[in-house]
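A short worksheet on the structure shown next.
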Amino acid sequence: MKDFVQRWHLSAWETGLMTAALELGSLLGALTAGTLADKYSRRQSIFTACAVFCLGSALQFGAQSPNHLIIGRGIGGLGVGALSMLSPLYMAEISPPEVRGSLMALEQFAIVLGAVLGFWTGFFTRNIPGSACWRIPLGLQLIPGLLLGLGCMALPPSPRLLVQQGRTEEALRSLAKLRLRSRSEIESDPLLQIELLEMQIEAALIEQTATADSSAQSNKQGTLHAEWHAWQRLFTPKLRKRTLIGVTMMFFQQWSGINALLYYGPTLMRSLGLQGDAATLMSAGGVGIVQFLAVLPAIAFIDRLGRRPLLRGGSLVMALSHLLIASLVWTYSIDWPSHALAARVALMCVYIFTAAYGISYGPIGWILPSEVFPLSARSKGVALSTASNWMNNFLIGLLTPVFMECSASATFLIFAIACSLGYVWSTCAVPETANVSLEEVDAVFGSSAGREDLALKHQIETDLGLHDLIQRWTQPPPETA
């Protein structure tokens, strides 16, 4: 977009800061959203996050200086980060167990689809005269933000949050609405009663685990005190290795180089010898399309093939792709027009890398953290892993333009080294969690955290009457003479 480049004359540092402002804002938004969601409600928090996002988008749309763009992206990032936590949290809490995994997979599918639409929106508006060529794509961000903000007002409350707050009757009514049950069916539907009891059991388990952990430190139980010890539990010997796996998974997901390709696709393609806005944008858009298509087989085969083989294979293919690109850029970048075949091979390596990422680090980065933690520590563990994702995303956005300005081939070499280390890490440190029970995960980590949770959960189920309820509804009616 010529008007954007001619209007602002951004340095490499300003370009990186503008891109990274979104990630830094998202990091802060993700960390603060959890407190708001528990204190108020999921719906109110989602609405607030949408309002913040729309404010940031409006600032970007009407920007009169680079500072306006940077501030707007930072504010918008607060909303994006909050929604990146709140949306899947709400979906998981309202979804029936039998479709929860599919819905979470569709979320990743939608994220990649949004990236593809973003690229092609820029492609189709690139030749519009004046600032409209870049203001239109920025302004279009307001549409999904407004739709989500207005639409969330019609959403039912999260029944799990209502249970956690002790509002059981309201939780039952909300759950009945979500499961399309009438008022007359509330008391007579056994599945509804069992699902509500399971929510009560989960809430009691988390509360009792947090109380047991914090009581070992102090008899005084305050909100901040209990919250602090809940976070501290992630770094105890029982959970330290699991926490390291969740955080490291997100580190390698970002340093594989995928977001560098998405953010700076046109710049990277230019370093491969492709010229013209159409060629560079189509190449960058192609990266998004390949990633979008690669998610489909991942959804179908990720449980069948397992996590570790996909991580190892993806790491190897991505490292080799980066290494070959770095070699070609180093050898032929001085005169790409005379070496068209080398440029095409480098471009093909970019697409191969993207496909490998789409079936390995992309989906597994979100799945693995939720599998390695026991139930009582899962929310905090996943939150910390997500924070690692945004922090490394921020560093990638900040440093990639500086790396590219110094040496394009060295940039690809850095990502090749990161993917190689990812291969070693996934081979030596990552357990196979596909179709593995909590007891087996405990054996892998040499910890009893999951078994302790299961024992406590079984006791809570007995106390709340879940087993009696299931037995009552599964017993055949007595025969009449």
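Every chain in the structure tokens takes a letter, A first, then B, and so on in the order presented; its residues are numbered from 1, and the ligands are numbered from 1 following the presented order.
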
Return as a ChimeraX atom specification the full set of residues in segment 313-437 of chain A whose backbone-based DSSP assignment is alpha helix (DSSP H). /A:313-332,340-358,361-372,375-406,408-428

Could you write out that same residue set with C-alpha atoms as a short mmCIF file (atom, residue, chain, number, x, y, z; two decimals), in the first residue's frame?
data_model
loop_
_atom_site.label_atom_id
_atom_site.label_comp_id
_atom_site.auth_asym_id
_atom_site.auth_seq_id
_atom_site.Cartn_x
_atom_site.Cartn_y
_atom_site.Cartn_z
CA GLY A 313 7.93 -34.64 12.10
CA GLY A 314 6.74 -31.03 11.92
CA SER A 315 9.91 -29.77 13.63
CA LEU A 316 12.12 -31.67 11.22
CA VAL A 317 10.31 -30.52 8.08
CA MET A 318 10.18 -26.90 9.28
CA ALA A 319 13.88 -26.87 10.19
CA LEU A 320 14.89 -28.27 6.80
CA SER A 321 12.64 -25.79 5.00
CA HIS A 322 14.14 -22.83 6.86
CA LEU A 323 17.67 -24.11 6.31
CA LEU A 324 17.16 -24.49 2.56
CA ILE A 325 15.58 -21.02 2.32
CA ALA A 326 18.50 -19.49 4.25
CA SER A 327 20.98 -21.18 1.89
CA LEU A 328 19.16 -19.99 -1.23
CA VAL A 329 18.81 -16.43 0.06
CA TRP A 330 22.50 -16.33 0.99
CA THR A 331 23.59 -17.67 -2.40
CA TYR A 332 21.23 -16.00 -4.87
CA ALA A 340 14.19 -17.73 -11.06
CA LEU A 341 14.24 -21.47 -10.28
CA ALA A 342 15.98 -20.86 -6.96
CA ALA A 343 13.34 -18.27 -6.05
CA ARG A 344 10.54 -20.72 -6.86
CA VAL A 345 12.19 -23.44 -4.78
CA ALA A 346 12.49 -21.02 -1.85
CA LEU A 347 8.83 -20.07 -2.19
CA MET A 348 7.84 -23.74 -2.27
CA CYS A 349 9.84 -24.27 0.94
CA VAL A 350 7.82 -21.49 2.58
CA TYR A 351 4.61 -23.32 1.69
CA ILE A 352 6.00 -26.68 2.87
CA PHE A 353 6.99 -25.09 6.16
CA THR A 354 3.51 -23.60 6.56
CA ALA A 355 1.82 -26.95 5.91
CA ALA A 356 4.10 -28.68 8.43
CA TYR A 357 3.27 -26.02 11.01
CA GLY A 358 -0.45 -26.31 10.32
CA TYR A 361 2.79 -26.83 16.16
CA GLY A 362 -0.37 -24.92 15.22
CA PRO A 363 -3.06 -27.13 16.79
CA ILE A 364 -0.87 -29.03 19.28
CA GLY A 365 0.29 -25.77 20.83
CA TRP A 366 -3.24 -25.26 22.17
CA ILE A 367 -4.01 -28.92 22.90
CA LEU A 368 -0.92 -30.06 24.82
CA PRO A 369 -1.13 -27.60 27.76
CA SER A 370 -4.72 -28.63 28.48
CA GLU A 371 -3.72 -32.30 28.60
CA VAL A 372 -0.60 -32.29 30.77
CA LEU A 375 -7.91 -30.75 36.62
CA SER A 376 -7.31 -28.58 39.69
CA ALA A 377 -4.35 -26.78 38.05
CA ARG A 378 -5.54 -26.78 34.43
CA SER A 379 -6.95 -23.24 34.23
CA LYS A 380 -3.87 -21.63 35.75
CA GLY A 381 -1.53 -23.84 33.73
CA VAL A 382 -3.23 -23.05 30.44
CA ALA A 383 -3.33 -19.35 31.35
CA LEU A 384 0.42 -19.29 31.97
CA SER A 385 1.04 -21.17 28.72
CA THR A 386 -1.12 -18.64 26.85
CA ALA A 387 0.85 -15.80 28.43
CA SER A 388 4.01 -17.44 27.09
CA ASN A 389 2.42 -17.48 23.64
CA TRP A 390 1.67 -13.76 23.66
CA MET A 391 5.05 -12.82 25.13
CA ASN A 392 6.96 -14.70 22.45
CA ASN A 393 4.53 -13.38 19.84
CA PHE A 394 5.46 -9.89 21.04
CA LEU A 395 9.19 -10.61 20.75
CA ILE A 396 8.76 -12.03 17.23
CA GLY A 397 6.85 -8.94 16.10
CA LEU A 398 9.44 -6.63 17.65
CA LEU A 399 12.60 -8.35 16.43
CA THR A 400 11.74 -9.77 13.00
CA PRO A 401 12.01 -6.48 11.06
CA VAL A 402 15.34 -5.77 12.75
CA PHE A 403 16.58 -9.26 11.84
CA MET A 404 15.37 -8.84 8.26
CA GLU A 405 17.10 -5.48 7.91
CA CYS A 406 20.39 -7.01 9.09
CA ALA A 408 17.32 -12.13 5.56
CA SER A 409 19.27 -15.39 5.36
CA ALA A 410 20.28 -15.14 9.04
CA THR A 411 16.61 -14.63 9.95
CA PHE A 412 15.64 -17.93 8.34
CA LEU A 413 18.69 -19.58 9.95
CA ILE A 414 17.50 -18.45 13.42
CA PHE A 415 14.13 -20.06 12.81
CA ALA A 416 15.84 -23.23 11.51
CA ILE A 417 17.82 -23.47 14.74
CA ALA A 418 14.65 -22.93 16.81
CA CYS A 419 12.82 -25.70 14.92
CA SER A 420 15.81 -28.02 15.37
CA LEU A 421 15.77 -27.38 19.11
CA GLY A 422 12.03 -28.04 18.99
CA TYR A 423 12.74 -31.46 17.49
CA VAL A 424 15.17 -32.31 20.30
CA TRP A 425 12.72 -31.03 22.91
CA SER A 426 9.72 -32.94 21.53
CA THR A 427 11.85 -36.11 21.33
CA CYS A 428 13.35 -35.92 24.82
#

Could you name the residues that touch Ala33 of chain A at 10 Å or less, counting only C-alpha atoms, but leaving out those on the same chain fewer than 4 positions away, as a PyMOL selection string? chain A and resi 28-29+37-39+42+45-46+48-49+78-79+81-86

Pick from A:Gly306, A:Trp255, A:Pro157, A:Leu196 nearest to Leu172 of chain A, counting only C-alpha atoms: A:Leu196

Distance criterion (only C-alpha atoms): nearest to Gln253 of chain A out of A:Pro129, A:Arg73, A:Leu148, A:Ser360: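 Nearest to Gln253 of chain A: A:Ser360.
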